[in-house]
Structure formats: C-alpha cells, structure tokens
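Containing CSV, C-alpha atoms (C1' of nucleotides): model12.csv.
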chain,number,residue,atom,x,y,z
A,1,MET,CA,-92.7,-100.1,52.3
A,2,GLU,CA,-95.9,-98.4,51.1
A,3,SER,CA,-95.5,-96.6,47.8
A,4,GLU,CA,-97.2,-93.3,47.1
A,5,ARG,CA,-100.9,-93.5,47.0
A,6,PRO,CA,-104.0,-91.3,47.0
A,7,ASP,CA,-105.4,-90.3,50.4
A,8,LEU,CA,-107.6,-93.0,52.0
A,9,GLY,CA,-110.6,-90.7,51.8
A,10,ALA,CA,-110.2,-90.3,48.0
A,11,MET,CA,-109.8,-94.1,47.5
A,12,VAL,CA,-112.7,-95.0,49.7
A,13,MET,CA,-115.1,-92.4,48.2
A,14,ARG,CA,-114.1,-93.5,44.7
A,15,LEU,CA,-114.9,-97.1,45.5
A,16,GLY,CA,-118.1,-96.0,47.1
A,17,ARG,CA,-119.2,-94.2,44.0
A,18,ARG,CA,-118.3,-97.3,42.0
A,19,LEU,CA,-120.5,-99.5,44.3
A,20,ILE,CA,-123.4,-97.0,44.1
A,21,ALA,CA,-123.1,-97.0,40.3
A,22,MET,CA,-123.2,-100.8,40.4
A,23,GLU,CA,-126.3,-100.9,42.6
A,24,GLU,CA,-128.3,-98.3,40.7
A,25,PRO,CA,-129.4,-100.4,37.7
A,26,ILE,CA,-130.4,-103.2,40.1
A,27,LEU,CA,-132.5,-100.8,42.1
A,28,ALA,CA,-134.0,-99.3,39.0
A,29,ARG,CA,-135.0,-102.8,37.8
A,30,HIS,CA,-136.9,-103.2,41.0
A,31,ASP,CA,-138.3,-99.7,40.8
A,32,VAL,CA,-136.8,-98.8,44.2
A,33,THR,CA,-134.8,-95.7,45.0
A,34,MET,CA,-131.6,-95.8,47.1
A,35,TRP,CA,-133.4,-94.3,50.0
A,36,GLY,CA,-136.2,-96.8,49.6
A,37,TYR,CA,-133.7,-99.6,49.7
A,38,VAL,CA,-132.1,-98.1,52.8
A,39,VAL,CA,-135.5,-98.1,54.5
A,40,LEU,CA,-136.3,-101.7,53.5
A,41,ASN,CA,-132.9,-102.7,54.9
A,42,ALA,CA,-133.4,-100.8,58.2
A,43,LEU,CA,-136.8,-102.4,58.7
A,44,ARG,CA,-135.7,-105.9,57.8
A,45,GLY,CA,-133.2,-106.4,60.6
A,46,SER,CA,-135.3,-105.2,63.5
A,47,ARG,CA,-138.7,-106.8,63.1
A,48,THR,CA,-139.3,-104.5,66.1
A,49,VAL,CA,-141.7,-102.0,64.9
A,50,ARG,CA,-140.2,-98.5,64.9
A,51,THR,CA,-141.4,-95.0,64.7
A,52,GLN,CA,-140.5,-92.7,61.8
A,53,ALA,CA,-138.3,-90.6,64.0
A,54,ALA,CA,-136.4,-93.7,65.3
A,55,LEU,CA,-136.0,-94.9,61.7
A,56,ALA,CA,-134.7,-91.5,60.5
A,57,GLN,CA,-132.2,-91.4,63.3
A,58,SER,CA,-131.0,-95.0,62.7
A,59,ILE,CA,-130.1,-94.3,59.1
A,60,GLY,CA,-128.8,-90.8,59.7
A,61,ALA,CA,-131.5,-89.1,57.7
A,62,ASP,CA,-133.7,-86.1,58.5
A,63,LYS,CA,-137.2,-87.2,59.3
A,64,THR,CA,-138.7,-84.9,56.7
A,65,ARG,CA,-136.9,-86.3,53.8
A,66,LEU,CA,-138.0,-89.8,54.6
A,67,ILE,CA,-141.7,-89.0,54.2
A,68,PRO,CA,-142.0,-89.1,50.4
A,69,THR,CA,-140.1,-92.4,50.5
A,70,LEU,CA,-142.4,-93.9,53.1
A,71,ASP,CA,-145.4,-92.7,51.2
A,72,ASP,CA,-144.2,-94.4,48.1
A,73,LEU,CA,-143.3,-97.7,49.8
A,74,GLN,CA,-146.6,-97.8,51.6
A,75,LYS,CA,-148.6,-97.0,48.4
A,76,ARG,CA,-146.9,-100.0,46.8
A,77,GLY,CA,-147.6,-102.3,49.6
A,78,LEU,CA,-144.0,-102.8,50.7
A,79,ILE,CA,-144.4,-101.4,54.2
A,80,GLU,CA,-147.2,-100.8,56.6
A,81,ARG,CA,-147.7,-97.6,58.6
A,82,GLU,CA,-150.2,-97.8,61.4
A,83,THR,CA,-151.1,-95.5,64.2
A,84,ASP,CA,-149.9,-96.7,67.6
A,85,PRO,CA,-153.0,-97.1,69.7
A,86,ALA,CA,-151.0,-96.4,72.8
A,87,ASP,CA,-149.8,-93.0,71.4
A,88,ARG,CA,-151.8,-91.8,68.5
A,89,ARG,CA,-149.1,-89.4,67.4
A,90,VAL,CA,-146.8,-92.2,66.5
A,91,ARG,CA,-146.7,-94.3,63.3
A,92,LEU,CA,-145.5,-97.9,63.7
A,93,LEU,CA,-143.6,-99.2,60.7
A,94,ARG,CA,-143.0,-102.7,59.4
A,95,LEU,CA,-142.3,-104.5,56.3
A,96,THR,CA,-145.1,-106.4,54.6
A,97,GLU,CA,-144.4,-109.9,53.3
A,98,LYS,CA,-144.1,-108.3,49.9
A,99,GLY,CA,-141.6,-105.9,51.3
A,100,VAL,CA,-139.5,-108.7,52.8
A,101,GLN,CA,-139.4,-110.5,49.5
A,102,LYS,CA,-138.4,-107.3,47.7
A,103,GLN,CA,-135.6,-106.6,50.1
A,104,ARG,CA,-134.3,-110.1,49.7
A,105,ALA,CA,-134.5,-110.1,46.0
A,106,ILE,CA,-132.6,-106.8,45.7
A,107,GLN,CA,-129.9,-107.8,48.2
A,108,ARG,CA,-129.4,-111.1,46.5
A,109,GLU,CA,-128.5,-109.4,43.3
A,110,ILE,CA,-126.4,-106.8,45.0
A,111,ARG,CA,-124.4,-109.5,46.8
A,112,THR,CA,-123.8,-111.3,43.5
A,113,ALA,CA,-122.5,-108.1,41.9
A,114,GLU,CA,-120.3,-107.4,44.9
A,115,ASN,CA,-118.8,-110.8,44.6
A,116,ASP,CA,-117.8,-110.1,41.0
A,117,LEU,CA,-116.3,-106.8,42.0
A,118,LEU,CA,-114.3,-108.3,44.9
A,119,ALA,CA,-113.0,-111.2,42.8
A,120,SER,CA,-109.6,-109.7,42.4
A,121,ILE,CA,-109.0,-109.2,46.1
A,122,ASP,CA,-106.6,-111.6,47.8
A,123,ASP,CA,-108.2,-112.0,51.2
A,124,ARG,CA,-111.7,-110.9,50.8
A,125,GLU,CA,-112.8,-111.8,54.3
A,126,ALA,CA,-110.1,-109.8,55.9
A,127,PHE,CA,-111.0,-106.8,53.7
A,128,VAL,CA,-114.7,-107.0,54.5
A,129,ARG,CA,-113.9,-107.4,58.2
A,130,ALA,CA,-111.7,-104.4,58.1
A,131,LEU,CA,-114.4,-102.3,56.5
A,132,ARG,CA,-116.8,-103.5,59.1
A,133,ASP,CA,-114.6,-102.7,62.0
A,134,LEU,CA,-113.9,-99.2,60.6
A,135,GLY,CA,-117.6,-98.3,60.4
B,1,MET,CA,-118.2,-118.3,57.0
B,2,GLU,CA,-119.1,-114.8,56.6
B,3,SER,CA,-121.7,-113.7,59.0
B,4,GLU,CA,-124.5,-111.3,58.1
B,5,ARG,CA,-123.3,-107.8,57.3
B,6,PRO,CA,-124.5,-104.6,55.6
B,7,ASP,CA,-124.0,-104.3,51.9
B,8,LEU,CA,-120.5,-103.3,50.8
B,9,GLY,CA,-121.8,-100.0,49.4
B,10,ALA,CA,-123.3,-99.0,52.8
B,11,MET,CA,-120.1,-99.9,54.7
B,12,VAL,CA,-117.8,-98.1,52.2
B,13,MET,CA,-119.9,-95.0,52.1
B,14,ARG,CA,-120.1,-94.9,55.8
B,15,LEU,CA,-116.3,-95.2,56.1
B,16,GLY,CA,-116.0,-92.5,53.4
B,17,ARG,CA,-118.2,-90.1,55.4
B,18,ARG,CA,-116.1,-90.8,58.4
B,19,LEU,CA,-112.8,-90.0,56.6
B,20,ILE,CA,-114.3,-86.8,55.1
B,21,ALA,CA,-115.3,-85.7,58.6
B,22,MET,CA,-111.8,-86.4,59.8
B,23,GLU,CA,-110.3,-84.3,57.0
B,24,GLU,CA,-112.6,-81.4,57.3
B,25,PRO,CA,-111.1,-79.8,60.4
B,26,ILE,CA,-107.6,-80.2,58.9
B,27,LEU,CA,-108.7,-78.5,55.7
B,28,ALA,CA,-110.5,-75.7,57.7
B,29,ARG,CA,-107.3,-75.0,59.6
B,30,HIS,CA,-105.5,-74.5,56.3
B,31,ASP,CA,-108.4,-72.5,54.9
B,32,VAL,CA,-108.8,-74.8,51.9
B,33,THR,CA,-112.0,-76.4,50.7
B,34,MET,CA,-112.3,-80.1,49.8
B,35,TRP,CA,-112.5,-79.1,46.1
B,36,GLY,CA,-109.4,-76.9,46.6
B,37,TYR,CA,-107.5,-79.8,48.1
B,38,VAL,CA,-108.5,-82.1,45.3
B,39,VAL,CA,-107.2,-79.6,42.8
B,40,LEU,CA,-103.9,-79.2,44.7
B,41,ASN,CA,-103.5,-82.9,44.7
B,42,ALA,CA,-104.3,-83.3,41.0
B,43,LEU,CA,-101.8,-80.6,40.1
B,44,ARG,CA,-99.1,-82.0,42.4
B,45,GLY,CA,-98.6,-85.4,40.8
B,46,SER,CA,-98.4,-84.2,37.2
B,47,ARG,CA,-96.0,-81.3,37.1
B,48,THR,CA,-97.2,-81.4,33.5
B,49,VAL,CA,-99.1,-78.2,33.1
B,50,ARG,CA,-102.8,-78.9,32.3
B,51,THR,CA,-105.7,-77.1,30.9
B,52,GLN,CA,-108.8,-76.5,33.0
B,53,ALA,CA,-110.8,-78.9,30.9
B,54,ALA,CA,-108.2,-81.7,31.4
B,55,LEU,CA,-108.1,-81.0,35.1
B,56,ALA,CA,-111.9,-81.1,35.4
B,57,GLN,CA,-112.0,-84.4,33.6
B,58,SER,CA,-109.2,-86.0,35.6
B,59,ILE,CA,-111.0,-85.4,38.9
B,60,GLY,CA,-114.4,-86.1,37.6
B,61,ALA,CA,-115.8,-82.6,38.0
B,62,ASP,CA,-117.8,-80.4,35.7
B,63,LYS,CA,-115.5,-77.6,34.3
B,64,THR,CA,-117.9,-74.9,35.5
B,65,ARG,CA,-117.9,-75.8,39.1
B,66,LEU,CA,-114.1,-75.7,39.2
B,67,ILE,CA,-113.8,-72.1,38.3
B,68,PRO,CA,-114.6,-70.5,41.6
B,69,THR,CA,-112.2,-72.9,43.2
B,70,LEU,CA,-109.4,-72.0,40.7
B,71,ASP,CA,-110.2,-68.3,41.2
B,72,ASP,CA,-109.7,-68.6,44.9
B,73,LEU,CA,-106.5,-70.7,44.8
B,74,GLN,CA,-105.0,-68.3,42.3
B,75,LYS,CA,-106.0,-65.2,44.3
B,76,ARG,CA,-104.2,-66.7,47.3
B,77,GLY,CA,-101.1,-67.5,45.3
B,78,LEU,CA,-101.3,-71.3,45.5
B,79,ILE,CA,-101.7,-71.9,41.7
B,80,GLU,CA,-100.8,-70.0,38.6
B,81,ARG,CA,-103.1,-69.7,35.6
B,82,GLU,CA,-101.4,-68.4,32.4
B,83,THR,CA,-102.6,-68.2,28.9
B,84,ASP,CA,-101.0,-70.7,26.6
B,85,PRO,CA,-99.2,-68.7,23.9
B,86,ALA,CA,-99.6,-71.5,21.5
B,87,ASP,CA,-103.4,-71.5,21.9
B,88,ARG,CA,-104.7,-68.4,23.6
B,89,ARG,CA,-108.0,-70.1,24.5
B,90,VAL,CA,-106.3,-72.4,26.9
B,91,ARG,CA,-105.2,-71.7,30.5
B,92,LEU,CA,-102.1,-73.6,31.7
B,93,LEU,CA,-102.3,-74.5,35.4
B,94,ARG,CA,-99.5,-75.2,37.8
B,95,LEU,CA,-98.8,-75.1,41.5
B,96,THR,CA,-96.7,-72.3,42.9
B,97,GLU,CA,-94.0,-73.2,45.4
B,98,LYS,CA,-96.5,-72.0,48.1
B,99,GLY,CA,-99.1,-74.3,46.6
B,100,VAL,CA,-96.7,-77.2,46.8
B,101,GLN,CA,-95.9,-76.5,50.4
B,102,LYS,CA,-99.6,-76.2,51.3
B,103,GLN,CA,-100.5,-79.5,49.6
B,104,ARG,CA,-97.6,-81.2,51.5
B,105,ALA,CA,-98.6,-79.7,54.8
B,106,ILE,CA,-102.2,-80.7,54.5
B,107,GLN,CA,-101.4,-84.2,53.3
B,108,ARG,CA,-99.0,-84.8,56.1
B,109,GLU,CA,-101.6,-84.1,58.7
B,110,ILE,CA,-104.2,-86.2,56.8
B,111,ARG,CA,-101.8,-89.2,56.7
B,112,THR,CA,-101.2,-88.9,60.4
B,113,ALA,CA,-104.9,-88.9,61.1
B,114,GLU,CA,-105.4,-91.9,58.7
B,115,ASN,CA,-102.8,-93.8,60.6
B,116,ASP,CA,-104.7,-93.3,63.9
B,117,LEU,CA,-107.8,-94.4,62.2
B,118,LEU,CA,-106.3,-97.6,60.7
B,119,ALA,CA,-104.6,-98.5,63.9
B,120,SER,CA,-107.1,-101.3,64.7
B,121,ILE,CA,-106.7,-103.0,61.3
B,122,ASP,CA,-104.7,-106.3,61.3
B,123,ASP,CA,-103.0,-106.1,57.9
B,124,ARG,CA,-103.1,-102.5,56.9
B,125,GLU,CA,-101.0,-102.8,53.8
B,126,ALA,CA,-103.3,-105.5,52.4
B,127,PHE,CA,-106.3,-103.3,53.2
B,128,VAL,CA,-104.9,-100.3,51.4
B,129,ARG,CA,-103.7,-102.4,48.5
B,130,ALA,CA,-107.2,-103.8,48.1
B,131,LEU,CA,-108.7,-100.3,48.2
B,132,ARG,CA,-106.3,-99.2,45.6
B,133,ASP,CA,-106.9,-102.1,43.3
B,134,LEU,CA,-110.7,-101.6,43.5
B,135,GLY,CA,-110.4,-98.0,42.5
C,1,DT,C1',-117.8,-74.1,12.6
C,2,DA,C1',-115.6,-76.0,16.9
C,3,DT,C1',-113.5,-75.3,21.4
C,4,DT,C1',-111.8,-73.0,26.0
C,5,DG,C1',-113.1,-70.7,29.5
C,6,DT,C1',-116.7,-68.0,31.7
C,7,DT,C1',-121.2,-66.4,33.4
C,8,DA,C1',-126.1,-66.9,34.1
C,9,DT,C1',-129.9,-69.9,34.8
C,10,DA,C1',-132.4,-73.9,36.3
C,11,DC,C1',-132.8,-77.9,38.8
C,12,DT,C1',-132.1,-81.3,42.5
C,13,DC,C1',-131.4,-82.4,47.0
C,14,DT,C1',-131.5,-81.3,51.7
C,15,DA,C1',-132.3,-78.7,55.8
C,16,DT,C1',-135.3,-75.2,58.3
C,17,DA,C1',-139.4,-73.4,59.8
C,18,DA,C1',-144.2,-73.6,60.3
C,19,DC,C1',-148.5,-76.3,61.0
C,20,DT,C1',-151.7,-80.4,63.0
C,21,DA,C1',-152.8,-83.6,66.0
C,22,DT,C1',-152.0,-85.7,69.9
C,23,DA,C1',-150.0,-86.0,74.7
D,1,DT,C1',-146.0,-77.2,76.9
D,2,DA,C1',-143.8,-80.7,74.3
D,3,DT,C1',-143.5,-84.2,70.7
D,4,DA,C1',-144.6,-87.2,66.0
D,5,DG,C1',-145.6,-86.5,61.8
D,6,DT,C1',-146.5,-83.5,57.9
D,7,DT,C1',-146.2,-79.7,54.6
D,8,DA,C1',-144.1,-75.5,52.7
D,9,DT,C1',-140.2,-72.7,52.2
D,10,DA,C1',-135.5,-71.6,51.6
D,11,DG,C1',-130.7,-72.7,51.0
D,12,DA,C1',-126.6,-75.2,49.0
D,13,DG,C1',-124.6,-77.7,45.5
D,14,DT,C1',-124.7,-79.1,40.9
D,15,DA,C1',-125.6,-79.3,36.1
D,16,DT,C1',-127.4,-77.0,31.7
D,17,DA,C1',-127.5,-73.4,28.6
D,18,DA,C1',-125.8,-69.2,26.7
D,19,DC,C1',-121.9,-66.2,25.8
D,20,DA,C1',-117.2,-64.2,24.4
D,21,DA,C1',-112.7,-65.1,22.7
D,22,DT,C1',-109.9,-67.8,19.9
D,23,DA,C1',-108.9,-71.4,16.6

Structure rendered as structure tokens:
Amino acid sequence: MESERPDLGAMVMRLGRRLIAMEEPILARHDVTMWGYVVLNALRGSRTVRTQAALAQSIGADKTRLIPTLDDLQKRGLIERETDPADRRVRLLRLTEKGVQKQRAIQREIRTAENDLLASIDDREAFVRALRDLG
Amino acid sequence: MESERPDLGAMVMRLGRRLIAMEEPILARHDVTMWGYVVLNALRGSRTVRTQAALAQSIGADKTRLIPTLDDLQKRGLIERETDPADRRVRLLRLTEKGVQKQRAIQREIRTAENDLLASIDDREAFVRALRDLG
DNA sequence: TATTGTTATACTCTATAACTATA
DNA sequence: TATAGTTATAGAGTATAACAATA
C-alpha cells in the first residue's frame, strides 16, 4: 500500500534540481557552462560530424541559443567548426582531442558525485534502468 | 554491469519535463497554473494556517512572485487570505472548501496519468520510494 | 529599527524576426 | 526560392530594490 506522497512531477523535478546543484560546482571548476557540457556530451557519442541545426535539434535547443556556446567552446579549442566543402552553408562540428579529454574529466567527476548521491538506494541498477526507460 | 548511459541529471530532467508536459493539459482544463497548483498542494497538507512568507519558503519560491498567484486564487474563491488579528502585518492563508475540492480533482487526474506513465516499470513502489528518499 | 506584504524596476533567459551567404 | 548560420530585437519569467503598514 503506497502511503501519501507528493506528485511524481514534484519529486522528479526536486531531484533534478538537486542533481543540477551538484553538477554546477564541478562544471564551474572546469569553466564550462551547463549548455557547454550538454554540447560536449552530444558531440562525444556521435563522432559523426553534425551540423549546428542537427545538434540543436538533438538536444532540444533553439539553434540561436547554441551559437554563443559554440563560439566559446571553439575559441577555447574544445570543438572544431569547419565549413562543409560540399555545402558551404553548413558548419561541421566535432570535438578536438582536448574537448574529448574535457568531457571525460567532467563526466568522471559527475559520476562519482552521482554514486555518492545514490548510495542510499536499495537497487540502484533497477532505479537507473527505470529512469532510462521512462525517458 | 551498467552499460553506458546519460548522466543522472540529464535523465531526471528529461523525465521531469515529460511529467510537466503531462500535467499541463490537466491544469489548463482546471484553469490553474503550475504555481497555483503548487500553492493548493502546499496549503492542503498543513491545515495549519500559514503566512505568505512561510508558504514561499516551503515551496522554494520568492515571496514576490507568489503574490499574483495568491491574488488569482483568492479572487476565484479557492483560498482565503485574512489579516492575523494578533499581528496585523501577517496574512493567514487557507484553502476554502472549493479549493480543497479543486486540489483533489486535479491530483486525482494527475495520479491517473502517472499510473499510465509508470505502467512499464517493473517495481513501481521501489522506484517511487527511491525518488522519495532522494528528495 | 525590523518585518510582512506589496509594487516597481532591472536582469536573465529564451524565442522571434530579420539578415547574409550559399544553394 | 529555400536553407544554414548569424545577429538583433522582443517577450516571459524571475530576482532585486524600494515602499507602506505594522510591530
């Protein structure tokens, strides 16, 4: 019998805010914004070079609000942005080696912090699996 | 062995957005905003009358951004706001009977929708319990 | 002087529209 | 003409500062 509890949405958003708060100091130490980290993650998986429009869509962002982030990441040598010779309107994106290292370093720290946070959960794998399935 | 997965924060926020999207049409049908519903929920549990400042703190909101919400709920007869005779600076808040009914009706619909969404999860109670503990 | 509630202002974030360069 | 990327503008949401009433 399930006792009274807050709505699922309230609990999930609360946990989400807690996780974001946990990540923020890590990102700050690496001098990367949340959007910057999201971009690094999106480019890591698919070594496939992508256009900015495709990237924006894949992370559910407007293409215009990605541009300052891409400018910054490029300026700092974490990504490369080159004109597609086959269609000079398009910019092909990819992580530099430095960008790959940065993404790995940040994610490693975040995973460690996640593990601490999940320590109290009985069956962590089941919990994570459920979260994944519900996405 | 846990296969590669997105960060916990990304998965949780994604699920959170999905739940919000699920709730929004329900709230719209009842002509209540998300903030309005949060206030109704906060006042439901504690029949204890509260001040606006206490309410704001309990839901993690700034006191100033609650005021338009309270004005609206009061105008529509869902809450009462009366001056505390013991300290005339303070407004005591409580749900009206109409407000209680409204909160119940909305939550009932949300719970039904949550159940549909959780249908695919193996051990739902464990999942909900974990979410609760992590809050 | 400090505090509750309120209003007015400023700031941040995001989306919309307008521009360029290619196709 | 249509599209990728960019820039400029406007809108929503939120926080900050200032105010009136009361303690």

- [ ] Within 10 Å of chain A, which residues of chain D are there when counting only C-alpha atoms (C1' of nucleotides)? Please give them as a VMD selection string.
- [x] chain D and resid 3 to 7

TODO: Kindly provide, as a PyMOL selection string, the residues of chain C having any atom no farther than 9 Å from an atom of chain A, counting only C-alpha atoms (C1' of nucleotides).
DONE: chain C and resi 14-15+21-23

- [ ] Take the point (-127.9, -76.3, 33.2) as written in the file and pick out every residue within 12 Å of it, counting all atoms listed in the file; give the list as a ChimeraX atom specification.
- [x] /B:62,64-65 /C:7-12 /D:14-18

Counting only C-alpha atoms, give me one row per residue of chain B with an atom at most 6 Å from an atom of chain A, showing the shortest contact pair and its distance in Å to one decimal, sorted by chain then residue number, as CSV.
residue,atom,partner,partner_atom,distance
B:Gly9,CA,A:Leu19,CA,5.3
B:Val12,CA,A:Gly16,CA,5.5
B:Met13,CA,A:Gly16,CA,5.4
B:Leu15,CA,A:Gly135,CA,5.5
B:Gly16,CA,A:Met13,CA,5.3
B:Leu19,CA,A:Gly9,CA,5.3
B:Phe127,CA,A:Phe127,CA,5.9
B:Gly135,CA,A:Leu15,CA,5.5

Open item on the list: Would you compute the distance between CA of Ala42 in chain B and CA of Leu55 in chain B? Give it in Å to one decimal.
Closed with: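 Taking CA of Ala42 in chain B and CA of Leu55 in chain B, their separation equals 7.4 Å.
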
Open item on the list: For a test of reading the model, state the distance in Å between CA of Gly99 in chain B and CA of Ala113 in chain B, rounded to one decimal.
Closed with: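 If I compute the distance from CA of Gly99 in chain B to CA of Ala113 in chain B, I get 21.4 Å.
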
Selection: 12 Å around Leu95 in chain B, only C-alpha atoms (C1' of nucleotides), excl. self and same-chain fewer than 6 positions, as a short mmCIF file (atom, residue, chain, number, x, y, z; two decimals) with C-alpha atoms, in the coordinates of the input:
data_model
loop_
_atom_site.label_atom_id
_atom_site.label_comp_id
_atom_site.auth_asym_id
_atom_site.auth_seq_id
_atom_site.Cartn_x
_atom_site.Cartn_y
_atom_site.Cartn_z
CA GLY B 36 -109.40 -76.90 46.60
CA TYR B 37 -107.50 -79.80 48.10
CA VAL B 39 -107.20 -79.60 42.80
CA LEU B 40 -103.90 -79.20 44.70
CA ASN B 41 -103.50 -82.90 44.70
CA ALA B 42 -104.30 -83.30 41.00
CA LEU B 43 -101.80 -80.60 40.10
CA ARG B 44 -99.10 -82.00 42.40
CA GLY B 45 -98.60 -85.40 40.80
CA SER B 46 -98.40 -84.20 37.20
CA ARG B 47 -96.00 -81.30 37.10
CA THR B 48 -97.20 -81.40 33.50
CA VAL B 49 -99.10 -78.20 33.10
CA ARG B 50 -102.80 -78.90 32.30
CA LEU B 70 -109.40 -72.00 40.70
CA LEU B 73 -106.50 -70.70 44.80
CA GLN B 74 -105.00 -68.30 42.30
CA ARG B 76 -104.20 -66.70 47.30
CA GLY B 77 -101.10 -67.50 45.30
CA LEU B 78 -101.30 -71.30 45.50
CA ILE B 79 -101.70 -71.90 41.70
CA GLU B 80 -100.80 -70.00 38.60
CA ARG B 81 -103.10 -69.70 35.60
CA GLU B 82 -101.40 -68.40 32.40
CA GLN B 101 -95.90 -76.50 50.40
CA LYS B 102 -99.60 -76.20 51.30
CA GLN B 103 -100.50 -79.50 49.60
CA ARG B 104 -97.60 -81.20 51.50
#

Open item on the list: Rounded to one decimal, what separation in Å do you get between CA of Val32 in chain B and CA of Ala105 in chain B?
Closed with: 11.7 Å

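Comparing the minimum interatomic distances between DG5 in chain C and each of B:Ala28, B:Ile106, B:Ala86, B:Leu66, counting all atoms listed in the file, we find that B:Leu66 sits nearest.
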